[in-house]
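Text of target.cif, listed as mmCIF, C-alpha atoms (C1' of nucleotides):
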data_protein
#
loop_
_atom_site.label_atom_id
_atom_site.label_comp_id
_atom_site.auth_asym_id
_atom_site.auth_seq_id
_atom_site.Cartn_x
_atom_site.Cartn_y
_atom_site.Cartn_z
CA MET A 201 -30.35 24.50 -31.67
CA SER A 202 -33.69 22.75 -31.40
CA GLN A 203 -33.66 18.99 -31.12
CA ALA A 204 -30.72 16.73 -30.49
CA THR A 205 -29.93 13.37 -28.99
CA LEU A 206 -30.68 13.38 -25.30
CA ASP A 207 -28.74 10.32 -24.26
CA SER A 208 -25.29 11.59 -25.25
CA PRO A 209 -24.10 15.18 -24.79
CA ARG A 210 -24.17 17.29 -27.90
CA THR A 211 -21.07 19.39 -27.76
CA ALA A 212 -17.51 18.13 -27.80
CA ARG A 213 -16.88 20.12 -24.64
CA GLN A 214 -19.58 18.27 -22.75
CA ARG A 215 -18.39 14.90 -23.99
CA LEU A 216 -14.86 15.75 -22.87
CA VAL A 217 -15.94 16.67 -19.36
CA MET A 218 -18.04 13.52 -19.09
CA ALA A 219 -15.16 11.33 -20.28
CA ALA A 220 -12.71 13.08 -17.97
CA ASP A 221 -15.11 12.59 -15.09
CA GLN A 222 -15.39 8.87 -15.62
CA LEU A 223 -11.67 8.24 -16.10
CA PHE A 224 -10.22 10.75 -13.62
CA TYR A 225 -12.63 9.67 -10.93
CA ALA A 226 -12.04 5.96 -11.44
CA GLU A 227 -8.24 5.98 -11.73
CA GLY A 228 -6.90 9.31 -10.51
CA ILE A 229 -6.08 12.44 -12.44
CA ASN A 230 -2.40 11.60 -12.76
CA SER A 231 -2.91 8.04 -13.92
CA VAL A 232 -5.06 8.97 -16.89
CA GLY A 233 -3.51 10.54 -19.98
CA ILE A 234 -5.03 12.96 -22.44
CA ASP A 235 -5.10 10.34 -25.18
CA ARG A 236 -7.41 8.07 -23.23
CA VAL A 237 -9.75 10.95 -22.43
CA ILE A 238 -10.13 12.06 -26.04
CA GLU A 239 -10.53 8.49 -27.22
CA HIS A 240 -13.24 7.91 -24.63
CA ALA A 241 -14.95 11.16 -25.61
CA GLY A 242 -14.63 10.49 -29.34
CA VAL A 243 -13.03 13.88 -29.84
CA ALA A 244 -9.86 15.16 -31.49
CA LYS A 245 -6.96 16.32 -29.39
CA ALA A 246 -7.00 19.81 -30.86
CA THR A 247 -10.60 20.17 -29.72
CA LEU A 248 -9.59 19.54 -26.14
CA TYR A 249 -6.85 22.13 -26.23
CA SER A 250 -9.01 24.75 -27.92
CA ALA A 251 -11.76 24.22 -25.35
CA PHE A 252 -9.73 23.92 -22.14
CA GLY A 253 -6.22 25.14 -22.93
CA SER A 254 -4.47 22.44 -20.98
CA LYS A 255 -4.99 19.26 -19.01
CA ASP A 256 -5.22 21.40 -15.87
CA GLY A 257 -8.13 23.26 -17.46
CA LEU A 258 -9.92 19.99 -18.08
CA ILE A 259 -9.25 18.88 -14.51
CA ARG A 260 -10.73 22.13 -13.23
CA ALA A 261 -13.83 21.64 -15.39
CA TYR A 262 -14.17 18.09 -14.09
CA LEU A 263 -13.96 19.22 -10.46
CA MET A 264 -16.30 22.18 -11.02
CA ARG A 265 -18.91 19.85 -12.48
CA ARG A 266 -18.54 17.58 -9.45
CA HIS A 267 -18.98 20.61 -7.22
CA ASP A 268 -22.16 21.66 -9.05
CA LEU A 269 -23.65 18.18 -8.87
CA ARG A 270 -22.79 18.04 -5.19
CA THR A 271 -24.47 21.32 -4.27
CA GLU A 272 -27.56 20.40 -6.31
CA ARG A 273 -27.84 17.03 -4.62
CA ILE A 274 -27.46 18.44 -1.13
CA MET A 275 -29.89 21.34 -1.68
CA ARG A 276 -32.46 19.00 -3.15
CA HIS A 277 -32.51 17.09 0.15
CA VAL A 278 -32.27 20.19 2.34
CA ASN A 279 -35.09 22.02 0.56
CA ALA A 280 -37.40 19.06 1.08
CA HIS A 281 -37.73 20.12 4.72
CA SER A 282 -38.68 23.31 6.52
CA ASP A 283 -37.52 22.59 10.06
CA PRO A 284 -33.84 23.60 10.32
CA ARG A 285 -32.94 20.55 12.43
CA GLU A 286 -34.40 18.30 9.76
CA LYS A 287 -32.51 20.28 7.12
CA VAL A 288 -29.26 19.37 8.89
CA LEU A 289 -30.17 15.70 8.97
CA ALA A 290 -31.18 15.91 5.31
CA VAL A 291 -27.57 16.68 4.42
CA PHE A 292 -26.73 13.21 5.69
CA ASP A 293 -29.59 11.73 3.72
CA SER A 294 -27.91 13.17 0.64
CA LEU A 295 -24.80 11.26 1.67
CA ALA A 296 -26.75 8.01 1.79
CA GLU A 297 -27.90 8.70 -1.76
CA LEU A 298 -24.34 9.45 -2.81
CA PHE A 299 -22.94 6.26 -1.29
CA ALA A 300 -25.53 4.22 -3.17
CA THR A 301 -24.51 5.74 -6.51
CA PRO A 302 -23.09 3.10 -8.89
CA GLY A 303 -19.33 3.52 -9.21
CA TRP A 304 -19.03 5.52 -5.98
CA ARG A 305 -15.35 5.54 -5.04
CA GLY A 306 -14.96 8.38 -2.59
CA CYS A 307 -14.88 12.15 -2.70
CA PRO A 308 -12.76 13.62 -5.52
CA PHE A 309 -12.08 16.73 -3.46
CA LEU A 310 -10.51 14.50 -0.89
CA ALA A 311 -8.50 12.37 -3.31
CA SER A 312 -7.21 14.91 -5.81
CA PRO A 313 -5.22 17.12 -3.42
CA GLY A 314 -3.31 14.03 -2.34
CA GLU A 315 -2.16 13.51 -5.91
CA THR A 316 -0.75 16.97 -6.36
CA ARG A 317 1.69 19.13 -4.50
CA SER A 318 0.25 21.86 -2.33
CA GLY A 319 -0.76 25.00 -4.24
CA ASP A 320 -1.98 23.15 -7.29
CA PRO A 321 -4.98 24.61 -9.17
CA VAL A 322 -7.18 21.82 -7.83
CA ASP A 323 -6.75 23.28 -4.35
CA GLU A 324 -8.87 26.28 -5.32
CA ILE A 325 -11.90 24.19 -6.14
CA THR A 326 -11.43 22.07 -3.04
CA THR A 327 -11.40 25.26 -0.99
CA LEU A 328 -14.49 26.49 -2.83
CA THR A 329 -16.60 23.42 -2.22
CA ARG A 330 -15.55 23.09 1.40
CA ALA A 331 -16.31 26.74 2.11
CA TRP A 332 -19.73 26.20 0.58
CA THR A 333 -20.43 23.24 2.88
CA ARG A 334 -19.20 25.06 5.96
CA ALA A 335 -21.37 28.07 5.12
CA LEU A 336 -24.41 25.80 4.77
CA PHE A 337 -23.83 24.20 8.17
CA THR A 338 -23.22 27.60 9.75
CA GLU A 339 -26.47 28.99 8.33
CA LEU A 340 -28.43 25.99 9.52
CA ALA A 341 -26.88 26.26 12.99
CA ALA A 342 -28.01 29.89 13.07
CA ALA A 343 -31.51 28.92 11.94
CA ILE A 344 -31.72 26.41 14.77
CA GLY A 345 -30.63 29.14 17.13
CA MET A 346 -27.48 27.50 18.43
CA ALA A 347 -25.02 29.55 20.41
CA ASP A 348 -21.57 28.77 19.03
CA GLN A 349 -22.31 28.42 15.33
CA PRO A 350 -18.71 27.99 14.14
CA ALA A 351 -18.18 25.20 16.68
CA VAL A 352 -21.38 23.46 15.54
CA ALA A 353 -20.30 23.81 11.91
CA ASP A 354 -16.90 22.32 12.81
CA ALA A 355 -18.56 19.35 14.47
CA LEU A 356 -20.96 18.77 11.57
CA MET A 357 -18.12 19.02 9.05
CA ASN A 358 -16.20 16.48 11.10
CA VAL A 359 -19.11 14.06 11.08
CA TYR A 360 -19.80 14.63 7.38
CA ASP A 361 -16.20 14.02 6.30
CA GLY A 362 -15.82 10.96 8.49
CA ALA A 363 -18.79 9.33 6.82
CA ILE A 364 -17.25 9.79 3.39
CA VAL A 365 -13.98 8.21 4.51
CA ALA A 366 -15.71 5.22 6.10
CA SER A 367 -17.75 4.70 2.96
CA GLN A 368 -14.72 5.02 0.70
CA LEU A 369 -12.10 3.03 2.58
CA ASP A 370 -14.16 0.54 4.59
CA HIS A 371 -17.00 0.19 2.07
CA LYS A 372 -19.43 0.63 4.91
CA ALA A 373 -22.88 0.96 3.42
CA ASP A 374 -24.38 2.40 6.62
CA ALA A 375 -21.79 5.15 7.10
CA ALA A 376 -24.37 7.83 6.36
CA GLN A 377 -26.69 6.48 9.08
CA THR A 378 -23.85 6.47 11.63
CA ALA A 379 -23.08 10.08 10.73
CA ARG A 380 -26.73 11.05 10.86
CA ARG A 381 -27.00 9.76 14.43
CA LEU A 382 -23.87 11.69 15.40
CA ALA A 383 -25.25 14.85 13.78
CA ALA A 384 -28.47 14.45 15.72
CA MET A 385 -26.42 14.36 18.93
CA VAL A 386 -24.58 17.53 17.89
CA ILE A 387 -27.68 19.59 17.22
CA ALA A 388 -29.49 18.22 20.27
CA ALA A 389 -26.75 19.41 22.61
CA MET B 213 28.30 -3.63 13.13
CA SER B 214 28.82 -1.64 16.30
CA GLN B 215 28.84 2.10 15.90
CA ALA B 216 27.56 4.10 12.99
CA THR B 217 26.22 7.54 12.24
CA LEU B 218 22.98 8.10 14.06
CA ASP B 219 21.69 11.06 12.11
CA SER B 220 21.50 9.37 8.71
CA PRO B 221 20.38 5.79 8.15
CA ARG B 222 23.14 3.32 7.49
CA THR B 223 21.83 0.99 4.86
CA ALA B 224 20.83 1.93 1.35
CA ARG B 225 17.47 0.32 1.99
CA GLN B 226 16.74 2.61 4.92
CA ARG B 227 17.83 5.67 2.99
CA LEU B 228 15.55 4.69 0.13
CA VAL B 229 12.51 4.30 2.35
CA MET B 230 13.23 7.63 4.04
CA ALA B 231 13.60 9.40 0.69
CA ALA B 232 10.48 7.75 -0.69
CA ASP B 233 8.57 8.80 2.41
CA GLN B 234 9.51 12.43 2.07
CA LEU B 235 8.83 12.68 -1.66
CA PHE B 236 5.80 10.40 -1.98
CA TYR B 237 4.11 12.01 0.99
CA ALA B 238 4.76 15.56 -0.16
CA GLU B 239 3.81 15.18 -3.82
CA GLY B 240 1.92 11.93 -4.32
CA ILE B 241 3.19 8.50 -5.31
CA ASN B 242 2.38 8.99 -8.98
CA SER B 243 3.96 12.41 -9.28
CA VAL B 244 7.36 11.32 -8.05
CA GLY B 245 9.62 9.25 -10.28
CA ILE B 246 12.23 6.69 -9.33
CA ASP B 247 15.06 8.95 -10.45
CA ARG B 248 14.17 11.63 -7.92
CA VAL B 249 13.93 9.06 -5.14
CA ILE B 250 17.34 7.56 -5.77
CA GLU B 251 18.90 10.98 -6.18
CA HIS B 252 17.39 12.09 -2.88
CA ALA B 253 18.58 8.90 -1.20
CA GLY B 254 22.05 9.10 -2.76
CA VAL B 255 21.72 5.55 -4.04
CA ALA B 256 22.10 3.84 -7.39
CA LYS B 257 19.08 2.69 -9.32
CA ALA B 258 20.19 -0.93 -9.34
CA THR B 259 20.25 -0.86 -5.55
CA LEU B 260 16.61 0.12 -5.44
CA TYR B 261 15.58 -2.68 -7.75
CA SER B 262 17.66 -5.29 -5.93
CA ALA B 263 16.16 -4.22 -2.60
CA PHE B 264 12.50 -3.72 -3.53
CA GLY B 265 12.00 -5.33 -6.92
CA SER B 266 9.82 -2.55 -8.28
CA LYS B 267 8.42 0.87 -7.55
CA ASP B 268 5.36 -0.84 -6.11
CA GLY B 269 7.62 -2.63 -3.64
CA LEU B 270 9.06 0.68 -2.52
CA ILE B 271 5.58 2.17 -2.18
CA ARG B 272 4.55 -0.75 0.00
CA ALA B 273 7.62 -0.28 2.21
CA TYR B 274 6.80 3.43 2.51
CA LEU B 275 3.22 2.75 3.56
CA MET B 276 4.21 -0.03 5.95
CA ARG B 277 6.62 2.31 7.69
CA ARG B 278 3.87 4.92 7.99
CA HIS B 279 1.62 2.26 9.46
CA ASP B 280 4.25 1.27 12.04
CA LEU B 281 4.87 4.87 13.07
CA ARG B 282 1.13 5.40 13.36
CA THR B 283 0.49 2.43 15.64
CA GLU B 284 3.48 3.36 17.82
CA ARG B 285 2.29 6.94 18.17
CA ILE B 286 -1.26 5.96 19.06
CA MET B 287 -0.24 3.26 21.54
CA ARG B 288 2.16 5.60 23.24
CA HIS B 289 -0.74 7.93 24.05
CA VAL B 290 -3.19 5.13 24.87
CA ASN B 291 -0.79 3.37 27.23
CA ALA B 292 -0.26 6.56 29.19
CA HIS B 293 -3.69 6.01 30.75
CA SER B 294 -5.39 3.20 32.62
CA ASP B 295 -9.04 4.27 32.47
CA PRO B 296 -10.54 2.96 29.20
CA ARG B 297 -12.52 6.16 28.62
CA GLU B 298 -9.33 8.16 28.90
CA LYS B 299 -7.63 5.71 26.57
CA VAL B 300 -10.24 6.51 23.92
CA LEU B 301 -9.69 10.22 24.35
CA ALA B 302 -5.93 9.66 24.21
CA VAL B 303 -6.31 8.44 20.62
CA PHE B 304 -7.45 11.96 19.78
CA ASP B 305 -4.54 13.42 21.70
CA SER B 306 -2.31 11.45 19.35
CA LEU B 307 -4.10 13.18 16.48
CA ALA B 308 -3.29 16.57 17.96
CA GLU B 309 0.36 15.55 18.06
CA LEU B 310 0.16 14.35 14.48
CA PHE B 311 -1.41 17.56 13.21
CA ALA B 312 1.37 19.56 14.82
CA THR B 313 4.05 17.54 13.06
CA PRO B 314 6.10 19.70 10.65
CA GLY B 315 5.18 18.89 7.06
CA TRP B 316 1.84 17.32 8.00
CA ARG B 317 -0.21 17.08 4.84
CA GLY B 318 -2.92 14.56 5.54
CA CYS B 319 -3.19 10.83 5.90
CA PRO B 320 -1.32 8.82 3.24
CA PHE B 321 -3.76 5.95 3.61
CA LEU B 322 -6.48 8.33 2.61
CA ALA B 323 -4.64 9.96 -0.29
CA SER B 324 -2.93 7.00 -1.97
CA PRO B 325 -6.02 4.95 -2.83
CA GLY B 326 -7.36 7.98 -4.69
CA GLU B 327 -4.31 7.93 -6.93
CA THR B 328 -4.65 4.31 -7.95
CA ARG B 329 -7.37 2.18 -9.43
CA SER B 330 -9.21 -0.12 -7.08
CA GLY B 331 -7.38 -3.36 -6.31
CA ASP B 332 -3.94 -1.80 -6.31
CA PRO B 333 -1.34 -3.20 -3.86
CA VAL B 334 -1.67 -0.07 -1.74
CA ASP B 335 -5.21 -1.12 -0.89
CA GLU B 336 -3.90 -4.03 1.19
CA ILE B 337 -1.98 -1.78 3.54
CA THR B 338 -4.86 0.66 3.79
CA THR B 339 -7.10 -2.23 4.79
CA LEU B 340 -4.50 -3.39 7.31
CA THR B 341 -4.12 -0.08 9.10
CA ARG B 342 -7.85 0.60 9.17
CA ALA B 343 -8.62 -2.84 10.57
CA TRP B 344 -6.05 -2.17 13.29
CA THR B 345 -7.72 1.10 14.25
CA ARG B 346 -11.17 -0.41 14.25
CA ALA B 347 -9.97 -3.29 16.45
CA LEU B 348 -8.49 -0.81 18.91
CA PHE B 349 -11.74 1.15 19.20
CA THR B 350 -13.75 -2.07 19.54
CA GLU B 351 -11.50 -3.31 22.35
CA LEU B 352 -11.73 -0.02 24.17
CA ALA B 353 -15.51 0.02 23.80
CA ALA B 354 -15.58 -3.44 25.36
CA ALA B 355 -13.30 -2.32 28.20
CA ILE B 356 -15.68 0.56 28.93
CA GLY B 357 -18.51 -1.93 28.94
CA MET B 358 -20.59 -0.43 26.18
CA ALA B 359 -23.42 -2.42 24.72
CA ASP B 360 -23.13 -2.16 20.94
CA GLN B 361 -19.37 -2.21 20.48
CA PRO B 362 -19.34 -2.27 16.66
CA ALA B 363 -21.63 0.77 16.58
CA VAL B 364 -19.39 2.61 19.02
CA ALA B 365 -16.35 1.70 16.95
CA ASP B 366 -18.13 2.98 13.82
CA ALA B 367 -18.89 6.28 15.51
CA LEU B 368 -15.34 6.69 16.83
CA MET B 369 -13.88 5.86 13.41
CA ASN B 370 -16.19 8.45 11.88
CA VAL B 371 -15.03 11.12 14.31
CA TYR B 372 -11.37 10.13 13.93
CA ASP B 373 -11.44 10.27 10.12
CA GLY B 374 -13.33 13.53 10.04
CA ALA B 375 -10.67 15.20 12.13
CA ILE B 376 -7.97 14.16 9.69
CA VAL B 377 -9.90 15.55 6.74
CA ALA B 378 -10.58 18.88 8.48
CA SER B 379 -6.93 19.18 9.38
CA GLN B 380 -5.79 18.30 5.87
CA LEU B 381 -8.20 20.26 3.72
CA ASP B 382 -9.20 23.15 5.96
CA HIS B 383 -5.90 23.45 7.81
CA LYS B 384 -7.85 23.61 11.03
CA ALA B 385 -5.39 23.42 13.89
CA ASP B 386 -8.07 22.54 16.46
CA ALA B 387 -9.58 19.65 14.51
CA ALA B 388 -8.33 17.14 17.07
CA GLN B 389 -10.04 19.04 19.89
CA THR B 390 -13.34 19.10 17.99
CA ALA B 391 -13.08 15.36 17.45
CA ARG B 392 -12.13 14.75 21.07
CA ARG B 393 -15.29 16.51 22.24
CA LEU B 394 -17.38 14.44 19.84
CA ALA B 395 -15.71 11.25 21.03
CA ALA B 396 -16.49 12.20 24.62
CA MET B 397 -20.15 12.50 23.65
CA VAL B 398 -20.05 9.08 22.00
CA ILE B 399 -18.62 7.24 25.01
CA ALA B 400 -20.80 9.15 27.45
CA ALA B 401 -24.01 7.99 25.76
"C1'" DT C 229 45.43 -13.04 -1.77
"C1'" DT C 230 41.46 -13.91 -3.71
"C1'" DG C 231 36.71 -14.05 -4.33
"C1'" DA C 232 31.99 -12.85 -3.03
"C1'" DG C 233 28.62 -9.32 -2.03
"C1'" DA C 234 27.02 -4.84 -2.09
"C1'" DG C 235 27.15 -0.66 -3.93
"C1'" DT C 236 27.97 3.08 -7.77
"C1'" DA C 237 27.43 5.52 -12.25
"C1'" DG C 238 25.14 5.85 -16.10
"C1'" DA C 239 23.62 4.29 -20.79
"C1'" DC C 240 19.75 2.27 -22.85
"C1'" DA C 241 15.09 0.41 -24.39
"C1'" DG C 242 10.46 0.96 -24.93
"C1'" DA C 243 6.55 2.98 -23.50
"C1'" DC C 244 3.87 6.96 -22.38
"C1'" DC C 245 3.21 11.90 -21.47
"C1'" DT C 246 1.58 16.83 -22.84
"C1'" DG C 247 1.07 20.01 -26.17
"C1'" DT C 248 1.58 21.78 -31.19
"C1'" DC C 249 0.81 21.67 -35.84
"C1'" DT C 250 -0.94 20.52 -40.59
"C1'" DG C 251 -4.46 19.50 -43.52
"C1'" DT C 252 -9.29 18.11 -44.27
"C1'" DT C 253 -14.35 17.93 -43.66
"C1'" DA C 254 -18.91 19.62 -42.47
"C1'" DC C 255 -22.21 22.79 -40.94
"C1'" DT C 256 -24.25 27.53 -40.57
"C1'" DG C 257 -25.44 32.29 -41.11
"C1'" DT C 258 -25.34 36.10 -44.32
"C1'" DA D 200 -22.50 31.25 -52.98
"C1'" DC D 201 -19.24 31.90 -49.68
"C1'" DA D 202 -16.83 32.97 -45.43
"C1'" DG D 203 -16.33 31.55 -40.82
"C1'" DT D 204 -16.30 28.23 -37.36
"C1'" DA D 205 -15.90 23.96 -35.24
"C1'" DA D 206 -14.63 19.72 -35.51
"C1'" DC D 207 -11.94 15.81 -37.35
"C1'" DA D 208 -7.46 12.54 -37.93
"C1'" DG D 209 -3.09 12.00 -36.95
"C1'" DA D 210 1.98 13.05 -37.18
"C1'" DC D 211 5.38 15.09 -34.46
"C1'" DA D 212 8.56 17.14 -30.85
"C1'" DG D 213 10.55 16.94 -26.59
"C1'" DG D 214 10.36 15.22 -22.34
"C1'" DT D 215 9.65 11.65 -18.53
"C1'" DC D 216 8.61 7.19 -16.90
"C1'" DT D 217 10.01 2.32 -15.27
"C1'" DG D 218 13.04 -1.22 -15.47
"C1'" DT D 219 17.42 -3.63 -17.36
"C1'" DC D 220 22.04 -3.92 -18.17
"C1'" DT D 221 27.15 -3.31 -18.26
"C1'" DA D 222 31.23 -2.17 -16.10
"C1'" DC D 223 33.68 -0.48 -12.21
"C1'" DT D 224 34.86 0.14 -7.00
"C1'" DC D 225 35.06 -1.00 -2.31
"C1'" DT D 226 35.07 -3.93 1.85
"C1'" DC D 227 35.69 -7.90 4.33
"C1'" DA D 228 36.41 -12.63 5.46
"C1'" DA D 229 38.49 -17.05 4.56
#
Since I need it in another form, could you write the structure as structure tokens?
Amino acid sequence: MSQATLDSPRTARQRLVMAADQLFYAEGINSVGIDRVIEHAGVAKATLYSAFGSKDGLIRAYLMRRHDLRTERIMRHVNAHSDPREKVLAVFDSLAELFATPGWRGCPFLASPGETRSGDPVDEITTLTRAWTRALFTELAAAIGMADQPAVADALMNVYDGAIVASQLDHKADAAQTARRLAAMVIAA
Amino acid sequence: MSQATLDSPRTARQRLVMAADQLFYAEGINSVGIDRVIEHAGVAKATLYSAFGSKDGLIRAYLMRRHDLRTERIMRHVNAHSDPREKVLAVFDSLAELFATPGWRGCPFLASPGETRSGDPVDEITTLTRAWTRALFTELAAAIGMADQPAVADALMNVYDGAIVASQLDHKADAAQTARRLAAMVIAA
DNA sequence: TTGAGAGTAGACAGACCTGTCTGTTACTGT
DNA sequence: ACAGTAACAGACAGGTCTGTCTACTCTCAA
């Protein structure tokens, strides 16, 4: 349990989630088969099924990891400020960082539901991560002292999501800056 | 060639595109097989391949039809006004109509690229329909007489896209109204 | 009347999919 | 030393996928 290689994950479970992340994110969860995931992870098929139970279980683990990375990234930017208005703008700074990530191809919580019929297990995690974001914006609106906090959260969500789409579909590098300016208008009003 | 049934499309080609639209949109282009499409259309498999050449050809026809319906819907709202500021807001009225459509499940041009690897034929049509929207916003910004038209178009695109995401993922019925208010702020500034 | 065009039904090939199962190897704690 | 655990490789079943092909039917115009 002491020392191990730091560059590649130790456990088969970790390697599987990493491999699933790379392939599912790049090509879509339906376009990538189990065989390619286990080959990429260097893991036996039985290991996958003992660890996750099914492909759906692996997909859930992939999305949950994305959710965790997302909340960490956003909170890192938000916690760098004390003024609540600057905390709001910091959320859009985290977007700029995200868009500059190598291999960035859009939000998986936006793409995956389009691949599946409504009611699929992936919907739960999408709901989870969106509720988290909305709660953050609502809290920050309260900290600023704005009157209609749900309406402010709606507007900030709108601006946030629009930036992701512009970055994904139009490959606009400055989408986060556009959104940041819009957010500044929202919290100034 | 004169009279025919009006409720169901006449040609096999039309029936195929209609069936593809319903199934692809509801469940994703990768989750729906050819067999289900031809069964739903009441058409033989050879007819599909003689008309479209491949599944990709059918997907393109499905997306092109969605693009045509989209431009018609938007222009119908825009042309109902003469003031360019009201024309901009009318684009968001068309969104409200869209969100109230039975079976609305999000924008196919947003979902399909997430299902395919980059460079797929669907990307062309996504690019087409987004360029059309951007051109519309740029023209309207010019008609209003705004200084930095590309920046205004960026902001309006951001607001427009965000409304679609909120409607799709959060099932927010008033997403179009939120976006309309934001758009009003953008063109007032 | 005859021949072309469009459509139908359905078998088929070959590839790929998820998930199960068998048998083997290697490490680890008692 | 030995049992337990986790991992390995890979065959296999049963199903689905796209795309091709054969053979038949219908309509319509020359």
### Message
Please expand the PyMOL selection byres ((chain C) within 10 of (chain A)) into the concrete residues it hits in this file, giving the result as a PyMOL selection string.
### Response
chain C and resi 244-249
Can those selected residues be exported to a file as a compact mmCIF listing (two decimals), keeping the file's coordinate frame so that it contains C-alpha atoms (C1' of nucleotides)?
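Listing of selection-v9.txt after writing:
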# COMPACT_ATOMS: atom_id res chain seq x y z
C1' DC C 244 3.87 6.96 -22.38
C1' DC C 245 3.21 11.90 -21.47
C1' DT C 246 1.58 16.83 -22.84
C1' DG C 247 1.07 20.01 -26.17
C1' DT C 248 1.58 21.78 -31.19
C1' DC C 249 0.81 21.67 -35.84
### Query
Care to translate the PyMOL selection byres ((chain D) within 10 of (chain B)) into actual residues of this file, as a count of residues only?
6
Taking 6 positions as the minimum chain separation for residues in the same chain, which residues sit within 12 Å of DG233 in chain C when counting all atoms listed in the file? Answer as a compact mmCIF listing (two decimals) with C-alpha atoms (C1' of nucleotides), in the coordinates of the input.
# COMPACT_ATOMS: atom_id res chain seq x y z
C1' DC D 225 35.06 -1.00 -2.31
C1' DT D 226 35.07 -3.93 1.85
C1' DC D 227 35.69 -7.90 4.33
C1' DA D 228 36.41 -12.63 5.46
As a PDB file with C-alpha atoms, in the coordinates of the input, please: the residues near range 331-343 of chain B (cut-off 6 Å, only C-alpha atoms (C1' of nucleotides), same-chain neighbours under 2 positions excluded).
ATOM      1  CA  PHE B 321      -3.760   5.950   3.610  1.00  0.00           C
ATOM      2  CA  THR B 345      -7.720   1.100  14.250  1.00  0.00           C
ATOM      3  CA  ARG B 346     -11.170  -0.410  14.250  1.00  0.00           C
TER       4      ARG B 346
END
#### Entry: Residue nearest chain A among B:Ala256, B:Ala312, B:Ile286, B:Leu322 (counting only C-alpha atoms)
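Checking each candidate against chain A, we get B:Leu322 as the closest.
For the pair CA of Leu248 in chain A and CA of Asn230 in chain A, the separation is 17.1 Å.
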### Query
Written as a VMD selection string, which residues does the PyMOL selection byres ((chain B) within 9 of (chain A)) give for the file shown?
chain B and resid 237 to 243 317 to 330 335 338 to 339 342 to 343 363 366 to 367 369 to 378 381 to 382 387 390 to 391 393 to 394 397 to 398
### Query
So how far away is CA of Gly315 in chain B from CA of Arg282 in chain B, in Å?
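Separating CA of Arg282 in chain B from CA of Gly315 in chain B is a distance of 15.4 Å.
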#### Entry: Pairwise distance for CA of Glu351 in chain B and CA of Gln389 in chain B, rounded to one decimal in Å
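Pair CA of Glu351 in chain B / CA of Gln389 in chain B returns 22.5 Å.
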If you count only C-alpha atoms (C1' of nucleotides), which residues fall within 12 Å of range 342-346 of chain A, apart from same-chain ones fewer than 2 positions away, as an mmCIF file with C-alpha atoms, in the coordinates of the input?
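The result, written out as selection22.cif:
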data_model
loop_
_atom_site.group_PDB
_atom_site.id
_atom_site.type_symbol
_atom_site.label_atom_id
_atom_site.label_comp_id
_atom_site.auth_asym_id
_atom_site.auth_seq_id
_atom_site.Cartn_x
_atom_site.Cartn_y
_atom_site.Cartn_z
ATOM 1 C CA SER A 282 -38.680 23.310 6.520
ATOM 2 C CA ASP A 283 -37.520 22.590 10.060
ATOM 3 C CA PRO A 284 -33.840 23.600 10.320
ATOM 4 C CA ARG A 285 -32.940 20.550 12.430
ATOM 5 C CA GLU A 286 -34.400 18.300 9.760
ATOM 6 C CA LYS A 287 -32.510 20.280 7.120
ATOM 7 C CA VAL A 288 -29.260 19.370 8.890
ATOM 8 C CA ALA A 335 -21.370 28.070 5.120
ATOM 9 C CA LEU A 336 -24.410 25.800 4.770
ATOM 10 C CA PHE A 337 -23.830 24.200 8.170
ATOM 11 C CA THR A 338 -23.220 27.600 9.750
ATOM 12 C CA GLU A 339 -26.470 28.990 8.330
ATOM 13 C CA LEU A 340 -28.430 25.990 9.520
ATOM 14 C CA ASP A 348 -21.570 28.770 19.030
ATOM 15 C CA GLN A 349 -22.310 28.420 15.330
ATOM 16 C CA PRO A 350 -18.710 27.990 14.140
ATOM 17 C CA ALA A 351 -18.180 25.200 16.680
ATOM 18 C CA VAL A 352 -21.380 23.460 15.540
ATOM 19 C CA ALA A 353 -20.300 23.810 11.910
ATOM 20 C CA VAL A 386 -24.580 17.530 17.890
ATOM 21 C CA ILE A 387 -27.680 19.590 17.220
ATOM 22 C CA ALA A 388 -29.490 18.220 20.270
ATOM 23 C CA ALA A 389 -26.750 19.410 22.610
#
